[in-house]
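Content type compact mmCIF, C-alpha atoms, from the file input_36.txt:
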```txt
# COMPACT_ATOMS: atom_id res chain seq x y z
CA ILE X 23 -49.88 -81.48 39.98
CA THR X 24 -50.77 -84.85 41.41
CA THR X 25 -53.16 -84.85 44.38
CA ASP X 26 -50.65 -86.46 46.74
CA VAL X 27 -48.03 -83.72 46.15
CA ILE X 28 -50.21 -80.69 46.93
CA GLU X 29 -49.66 -80.72 50.70
CA GLY X 30 -45.89 -80.59 50.14
CA LEU X 31 -45.98 -77.48 47.96
CA GLN X 32 -44.56 -74.14 49.08
CA VAL X 33 -46.87 -72.37 51.53
CA GLU X 34 -47.38 -69.39 49.21
CA VAL X 35 -48.60 -71.75 46.49
CA LYS X 36 -50.91 -74.06 48.43
CA LYS X 37 -52.28 -71.26 50.63
CA TYR X 38 -53.17 -68.76 47.91
CA GLU X 39 -53.92 -70.84 44.83
CA PRO X 40 -57.35 -72.46 44.65
CA ARG X 41 -57.06 -76.21 45.15
CA ILE X 42 -59.03 -76.78 41.95
CA ALA X 43 -56.29 -74.91 40.06
CA LEU X 44 -53.60 -77.16 41.54
CA ASP X 45 -55.14 -80.61 41.78
CA GLY X 46 -54.64 -82.59 38.58
CA GLY X 47 -55.90 -85.83 40.06
CA LYS X 48 -54.03 -89.05 40.76
CA ASP X 49 -51.66 -88.72 37.78
CA GLY X 50 -51.75 -84.91 37.42
CA TYR X 51 -53.42 -84.90 34.00
CA ASP X 52 -57.17 -84.64 34.79
CA PHE X 53 -57.33 -80.96 33.81
CA TYR X 54 -55.51 -81.59 30.54
CA ARG X 55 -57.78 -84.50 29.61
CA ARG X 56 -60.86 -82.36 30.12
CA ILE X 57 -59.53 -79.35 28.21
CA ILE X 58 -58.33 -81.49 25.31
CA GLU X 59 -61.66 -83.30 25.00
CA ASP X 60 -63.74 -80.12 25.43
CA GLY X 61 -61.59 -78.34 22.86
CA HIS X 62 -63.44 -80.11 20.07
CA LYS X 63 -66.69 -78.56 21.31
CA ILE X 64 -65.25 -75.04 21.32
CA LEU X 65 -62.72 -74.84 18.51
CA VAL X 66 -63.57 -74.71 14.85
CA LYS X 67 -61.95 -77.28 12.57
CA GLY X 68 -58.31 -76.24 12.23
CA GLY X 69 -58.48 -74.13 15.41
CA ILE X 70 -55.39 -74.19 17.60
CA MET X 71 -55.17 -75.65 21.11
CA ALA X 72 -52.08 -74.41 22.98
CA LEU X 73 -51.38 -75.75 26.47
CA GLU X 74 -48.67 -74.65 28.88
CA VAL X 75 -47.21 -77.74 30.55
CA GLY X 76 -44.91 -78.66 33.41
CA HIS X 77 -41.27 -79.49 32.79
CA ASP X 78 -41.91 -83.22 32.37
CA GLN X 79 -45.41 -83.27 30.87
CA ALA X 80 -45.05 -82.38 27.18
CA ASN X 81 -44.84 -85.89 25.75
CA LYS X 82 -47.81 -87.17 27.76
CA ILE X 83 -49.89 -84.14 26.69
CA LYS X 84 -48.87 -84.79 23.08
CA GLU X 85 -50.07 -88.41 23.45
CA LEU X 86 -53.40 -87.23 24.88
CA MET X 87 -53.82 -84.83 21.94
CA ILE X 88 -53.00 -87.57 19.42
CA CYS X 89 -55.60 -89.85 21.03
CA ALA X 90 -58.15 -87.03 20.81
CA ASN X 91 -57.48 -86.58 17.06
CA TYR X 92 -55.60 -83.29 17.12
CA LYS X 93 -53.25 -82.83 14.16
CA ASP X 94 -49.89 -81.16 13.52
CA ILE X 95 -48.94 -81.39 17.18
CA GLN X 96 -45.79 -79.55 18.19
CA ILE X 97 -43.85 -79.17 21.42
CA ILE X 98 -42.39 -75.69 21.91
CA LYS X 99 -39.44 -74.98 24.22
CA ASP X 100 -39.12 -71.88 26.36
CA LEU X 101 -36.01 -69.65 26.51
CA ALA X 102 -34.38 -72.09 28.96
CA LEU X 103 -34.94 -74.89 26.40
CA VAL X 104 -37.56 -76.57 28.60
CA GLU X 105 -40.52 -78.13 26.78
CA ARG X 106 -43.21 -75.65 27.85
CA VAL X 107 -46.10 -75.54 25.35
CA VAL X 108 -47.89 -78.22 23.34
CA ILE X 109 -49.83 -77.02 20.30
CA GLY X 110 -52.25 -78.98 18.16
CA HIS X 111 -54.93 -78.27 15.54
CA CYS X 112 -58.53 -79.37 16.02
CA SER X 113 -59.44 -81.89 13.33
CA ILE X 114 -63.15 -82.23 14.04
```

structure tokens encoding of this file:
Amino acid sequence: ITTDVIEGLQVEVKKYEPRIALDGGKDGYDFYRRIIEDGHKILVKGGIMALEVGHDQANKIKELMICANYKDIQIIKDLALVERVVIGHCSI
């Protein structure tokens, strides 16, 4: 979630969720960038990174994973046919 949208969220979300869990920075992707980059430090070569994404984020997350040298990247749809998970294999 972008920083400027947080104050407009439903009360039950912004009141009970830690801000750090909601605030994705100016463009909403700070958390994903960090996880994708740190994944190479944690995963073994060929290990799988699977990220749940918002309804309009799958292609951007796929781009970030490509730039970070993940391979065999796939976008998986949920039961409502919304792009919901991006999966890639660690290549380092």

Which residue, X:Gly46, X:Ile114, X:Glu39, X:Val107, has the smallest gap to Ile64 of chain X when you use all atoms listed in the file?
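Of X:Gly46, X:Ile114, X:Glu39, X:Val107, the one nearest Ile64 of chain X is X:Ile114, counting all atoms listed in the file.
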
Ala72 of chain X: which residues within 8 Å, counting only C-alpha atoms, same-chain residues fewer than 2 positions away excluded, as a short mmCIF file (atom, residue, chain, number, x, y, z; two decimals) with C-alpha atoms, in the frame of the given file?
```cif
data_model
loop_
_atom_site.label_atom_id
_atom_site.label_comp_id
_atom_site.auth_asym_id
_atom_site.auth_seq_id
_atom_site.Cartn_x
_atom_site.Cartn_y
_atom_site.Cartn_z
CA ILE X 70 -55.39 -74.19 17.60
CA GLU X 74 -48.67 -74.65 28.88
CA VAL X 107 -46.10 -75.54 25.35
CA VAL X 108 -47.89 -78.22 23.34
CA ILE X 109 -49.83 -77.02 20.30
CA GLY X 110 -52.25 -78.98 18.16
#
```

Considering only C-alpha atoms, state which residue in the set X:Leu73, X:Ala102, X:Val27, X:Cys112 is at the smallest distance from Gly47 of chain X.
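With only C-alpha atoms as the atom set, the closest residue is X:Val27.
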
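Of the residues under consideration (X:Ser113, X:Val104, X:Gln32, X:Met71), X:Met71 shows the shortest atom-to-atom contact distance to Ile58 of chain X when counting all atoms listed in the file.
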
By how many Å are atom CA of Lys93 of chain X and atom CA of Gly50 of chain X apart?
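Between these atoms lies a distance of 23.4 Å.
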
Computed interatomic separation between atom CA of Thr25 of chain X and atom CA of Pro40 of chain X (Å):
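Answer for the atom CA of Thr25 of chain X to atom CA of Pro40 of chain X separation: 13.1 Å.
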
Separation of atom CA of Asp78 of chain X from atom CA of Asp45 of chain X, in Å and rounded to one decimal
16.4 Å

X:Val35, X:Ile95, X:Leu86, X:Ile28: which is nearest Arg56 of chain X, counting only C-alpha atoms?
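Nearest candidate to Arg56 of chain X out of X:Val35, X:Ile95, X:Leu86, X:Ile28: X:Leu86.
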
Non-local contacts of Ala80 of chain X (8 Å; all atoms listed in the file; under 2 positions in same chain excluded) as a PDB file with C-alpha atoms, in the frame of the given file:
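Ended up saving to selection-v1.pdb:
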```pdb
ATOM      1  CA  VAL X  75     -47.210 -77.740  30.550  1.00  0.00           C
ATOM      2  CA  GLY X  76     -44.910 -78.660  33.410  1.00  0.00           C
ATOM      3  CA  HIS X  77     -41.270 -79.490  32.790  1.00  0.00           C
ATOM      4  CA  ASP X  78     -41.910 -83.220  32.370  1.00  0.00           C
ATOM      5  CA  LYS X  82     -47.810 -87.170  27.760  1.00  0.00           C
ATOM      6  CA  ILE X  83     -49.890 -84.140  26.690  1.00  0.00           C
ATOM      7  CA  LYS X  84     -48.870 -84.790  23.080  1.00  0.00           C
ATOM      8  CA  ILE X  97     -43.850 -79.170  21.420  1.00  0.00           C
ATOM      9  CA  GLU X 105     -40.520 -78.130  26.780  1.00  0.00           C
ATOM     10  CA  ARG X 106     -43.210 -75.650  27.850  1.00  0.00           C
ATOM     11  CA  VAL X 107     -46.100 -75.540  25.350  1.00  0.00           C
ATOM     12  CA  VAL X 108     -47.890 -78.220  23.340  1.00  0.00           C
TER      13      VAL X 108
END
```

X:Ala90, X:Leu103, X:Ile23, X:Tyr38: which is nearest Asp60 of chain X, counting all atoms listed in the file?
X:Ala90

Rank X:Asn91, X:Thr24, X:Gln96, X:Asn81 by their smallest atom-to-atom distance to Lys48 of chain X, using all atoms listed in the file, and report the top residue only.
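Smallest separation from Lys48 of chain X among the options: X:Thr24.
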